[in-house]
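Report on the structure given below.
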Amino acid sequence: MIENNLYRGPSGKGPKIVAIGGGTGLSTMLRGLKRHTNNLTAVVTVADDGGGSGVLRQELGMLPPGDVRHCMEALANVEPLMGELLRYRFTEGSLKGQSFGNLFLAALNGISGGSFDQAVSRMSQVLAITGRIIPVTNSDVQLEAELENGAKVLGESKIFYCKKREDCRIRRVRLLPERPPALEPALEAIREADMILLGPGSLYTSIIPNLLVEGVAQAIAESSALKVYIANVMTQEGETEGYTNADHIRAIFEHSAPGLFHLCLVNASAIPAEVLERYAQEGAEQLCFDKARCAELGVELVSRPVSAVHNGYVRHDSELLAAALLELHAQRSVRIAGLGRYRTE
């Protein structure tokens with residue numbers, strides 16, 4: 001295990017890391033990274049329209065709080081009771097299924113005059129989070145997917161069901177309205193980063209939506225930081241069935257810019273056969289890593305054991321993933337220092 005202080009620079013705060021995505025994959029990674037650096041910024045998608053977030057979005061006209069709330073829980077420095085309170089979901093009545101953390105953020109959004117980024121900032125102060133959490137945009141956006149057969153579906157939560165029904169791949173996704181403006185603090189964080197991370201998470205609904213916001217892909221492309229895509233461990237039912245790792249990378253490049261990153265971290269941990277069988281019953285499988293096709297796309301694969309099995313499901317392990325990423329940062333910064341490709345410490 002890598003000691004925390006190995007990567008903390010002279011200030012003791014560690015490298016400037018920007019993690020871009022959404023969902024549980026992003027929050028899992030943040031939970032591990034906060035042990036290694038205080039210079040941590042999460043840039044989070046706001047395209048969700050399902051579950052409790054969708055209800056609040058529809059009834060209060062606010063941006064969806066769910067992905068942001070997951071990041072808050074991961075980075076919060078509070079008593080265990082407060083953490084449990086944030087995760088609590090009501091079990092009956094009109095609030096059934098709604099989490100207290102979502103309601104907390106909704107209340108802060110109200111007293112912040114509907115400025116979602118200000119609500120997130122205020123909640124960050126209350127929870128004394130490590131680093132920063134920034135919504136990628138303040139615009140009220142929806143996600144539309146077009147499938148290879150021409151079918152279209154509007155709404156992030158509906159993509160799964162449409163894809164299953166049509167039984168074909170997603171051709172592209174877009175935000176409506178298109179090219180919404182990014183929040184300037186998010187772009188500033190990307191420009192100043194020592195390392196930029198994409199993923200892990202749902203390809204079309206957690207990662208790519210961030211890259212469709214005006215200025216985000218350009219800021220990443222122009223950055224001299226070490227840029228790493230963290231590949232998922234498994235394919236995702238209703239989104240990436242049959243995809244290889246190269247298919248994921250190609251989709252990201254097609255929605256942003258060729259060569260957006262040149263390094264991809266893939267999982268090397270063994271997965272028990274009984275776990276793979278469970279996933280197979282759900283139409284998912286272990287992600288196949290096609291080195292040749294990735295090389296054609298200009299991406300190098302780096303393999304590390306970064307997953308573990310929890311309750312019968314394979315997930316990225318917070319500490320293993322963070323240790324692998326910080327090790328990569330230290331190695332690559334030293335190895336090519338002065339060549340202008342990645343910023344050094």
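Numbering starts fresh at 1 for the residues of each chain in the structure tokens, the chains themselves are lettered A, B, ... in the order given, and ligands are numbered from 1 as they appear.
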
Checklist entry - Could you pull the residues within 12 Å of A:Ile252, counting only C-alpha atoms, minus those fewer than 6 positions along the same chain, as an MDAnalysis selection string? => result chainID A and resid 171:173 198:199 202:212 217 229 231 245:246 258:261 297

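For stretch 103-197 of chain A, backbone-based DSSP assignment of strand (DSSP E or B) covers Arg132, Ile133, Ile134, Pro135, Gln142, Leu143, Glu144, Ala145, Glu146, Leu147, Lys152, Val153, Leu154, Ile170, Arg171, Arg172, Val173, Arg174, Leu175, Leu176, Pro181, Met195, Ile196 and Leu197 of chain A.
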
Item to check | Residue contacts of A:Thr24 (12 Å, only C-alpha atoms) excluding same-chain residues fewer than 4 positions away, as a ChimeraX atom specification | outcome: /A:28-31,44,66-74,199-202,206-207,232,315-318

Please produce a file of those selected residues containing N, CA, C and O atoms, as a compact mmCIF listing (two decimals), in the first residue's frame.
```txt
# COMPACT_ATOMS: atom_id res chain seq x y z
N THR A 28 -16.79 6.65 -5.79
CA THR A 28 -15.89 5.60 -5.30
C THR A 28 -14.43 6.04 -5.45
O THR A 28 -13.62 5.88 -4.52
N MET A 29 -14.09 6.59 -6.59
CA MET A 29 -12.72 7.04 -6.81
C MET A 29 -12.36 8.20 -5.89
O MET A 29 -11.26 8.24 -5.33
N LEU A 30 -13.27 9.13 -5.71
CA LEU A 30 -13.01 10.29 -4.84
C LEU A 30 -12.74 9.86 -3.40
O LEU A 30 -11.89 10.44 -2.72
N ARG A 31 -13.46 8.85 -2.97
CA ARG A 31 -13.30 8.38 -1.58
C ARG A 31 -11.87 7.94 -1.31
O ARG A 31 -11.33 8.15 -0.22
N VAL A 44 -18.94 17.44 -12.11
CA VAL A 44 -20.00 16.44 -12.06
C VAL A 44 -21.12 16.74 -13.06
O VAL A 44 -21.56 17.89 -13.19
N GLY A 66 -28.56 14.16 -7.35
CA GLY A 66 -28.09 12.83 -6.99
C GLY A 66 -26.60 12.60 -7.16
O GLY A 66 -25.91 12.14 -6.25
N ASP A 67 -26.05 12.91 -8.34
CA ASP A 67 -24.63 12.67 -8.60
C ASP A 67 -23.76 13.54 -7.70
O ASP A 67 -22.73 13.09 -7.19
N VAL A 68 -24.17 14.78 -7.51
CA VAL A 68 -23.44 15.68 -6.61
C VAL A 68 -23.48 15.15 -5.18
O VAL A 68 -22.48 15.16 -4.46
N ARG A 69 -24.64 14.65 -4.77
CA ARG A 69 -24.78 14.14 -3.40
C ARG A 69 -23.84 12.96 -3.16
O ARG A 69 -23.21 12.86 -2.10
N HIS A 70 -23.73 12.07 -4.12
CA HIS A 70 -22.80 10.93 -3.98
C HIS A 70 -21.37 11.43 -3.75
O HIS A 70 -20.64 10.88 -2.92
N CYS A 71 -20.98 12.47 -4.49
CA CYS A 71 -19.64 13.02 -4.31
C CYS A 71 -19.49 13.67 -2.94
O CYS A 71 -18.43 13.58 -2.31
N MET A 72 -20.54 14.35 -2.50
CA MET A 72 -20.53 14.96 -1.16
C MET A 72 -20.29 13.90 -0.09
O MET A 72 -19.49 14.09 0.83
N GLU A 73 -21.00 12.80 -0.19
CA GLU A 73 -20.86 11.73 0.79
C GLU A 73 -19.44 11.19 0.80
O GLU A 73 -18.89 10.87 1.86
N ALA A 74 -18.82 11.11 -0.39
CA ALA A 74 -17.47 10.56 -0.49
C ALA A 74 -16.42 11.49 0.10
O ALA A 74 -15.45 11.03 0.71
N GLY A 199 -13.89 9.09 -15.77
CA GLY A 199 -14.39 7.81 -15.31
C GLY A 199 -13.88 7.50 -13.92
O GLY A 199 -13.23 8.34 -13.30
N PRO A 200 -14.14 6.26 -13.45
CA PRO A 200 -14.97 5.24 -14.09
C PRO A 200 -16.45 5.61 -13.99
O PRO A 200 -16.83 6.44 -13.18
N GLY A 201 -17.26 4.99 -14.84
CA GLY A 201 -18.69 5.27 -14.78
C GLY A 201 -19.36 4.95 -16.09
O GLY A 201 -18.73 4.53 -17.07
N SER A 202 -20.66 5.18 -16.14
CA SER A 202 -21.46 4.91 -17.33
C SER A 202 -20.98 5.77 -18.49
O SER A 202 -20.88 6.99 -18.38
N SER A 206 -22.78 9.21 -17.83
CA SER A 206 -22.02 9.84 -16.75
C SER A 206 -20.76 10.56 -17.23
O SER A 206 -20.42 11.61 -16.70
N ILE A 207 -20.08 10.00 -18.23
CA ILE A 207 -18.81 10.57 -18.67
C ILE A 207 -19.00 11.52 -19.85
O ILE A 207 -18.65 12.71 -19.78
N ASN A 232 -14.04 0.92 -17.17
CA ASN A 232 -14.92 0.13 -16.33
C ASN A 232 -14.42 -1.31 -16.27
O ASN A 232 -13.71 -1.78 -17.15
N ARG A 315 -16.52 -4.30 -8.11
CA ARG A 315 -16.49 -2.84 -8.10
C ARG A 315 -15.04 -2.37 -8.04
O ARG A 315 -14.16 -3.09 -7.57
N HIS A 316 -14.79 -1.15 -8.50
CA HIS A 316 -13.48 -0.56 -8.25
C HIS A 316 -13.31 -0.40 -6.75
O HIS A 316 -14.23 -0.01 -6.04
N ASP A 317 -12.12 -0.73 -6.28
CA ASP A 317 -11.79 -0.55 -4.87
C ASP A 317 -11.19 0.85 -4.69
O ASP A 317 -10.22 1.21 -5.36
N SER A 318 -11.76 1.63 -3.78
CA SER A 318 -11.36 3.03 -3.62
C SER A 318 -9.87 3.19 -3.40
O SER A 318 -9.20 4.00 -4.07
```

Item to check | Selection: 12 Å around stretch 91-99 of chain A, only C-alpha atoms, excl. self and same-chain fewer than 2 positions, as a PyMOL selection string | outcome: chain A and resi 50-56+65-66+69-70+83-89+101-106

Checklist entry - Which neighbours of A:Leu187 fall inside 8 Å, counting only C-alpha atoms, when residues of the same chain fewer than 4 positions from it are skipped, and could you give them as a list in words? => result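 Once the adjacent positions are removed, what remains is Ala182, Leu183, Arg191, Gly215, Val216 and Ala219 of chain A.
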
Checklist entry - Could you write out, as a ChimeraX atom specification, all the residues of stretch 12-194 of chain A that DSSP marks as helix (DSSP H, G or I)? => result /A:23-33,51-60,66-75,80-87,93-95,100-111,116-126,156-166,184-192

Next on the checklist: So the first atom is atom CA of A:Leu320 and the second is atom CA of A:Ile20; what is the distance between them in Å, to one decimal place?
Outcome noted: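 The value is 18.8 Å.
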
Checklist entry - So how many Å separate atom CA of A:Pro135 and atom CA of A:Phe90, to one decimal? => result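 Distance reported for this atom pair: 25.6 Å.
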
Next on the checklist: What's around A:Lys34 at 9 Å? Count only C-alpha atoms, leave out sequence neighbours fewer than 6 positions away in its own chain, and write the answer as a list in words.
Outcome noted: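 The neighbour list is Leu40, Ala74, Leu75, Thr130, Gly131 and Ala322 of chain A.
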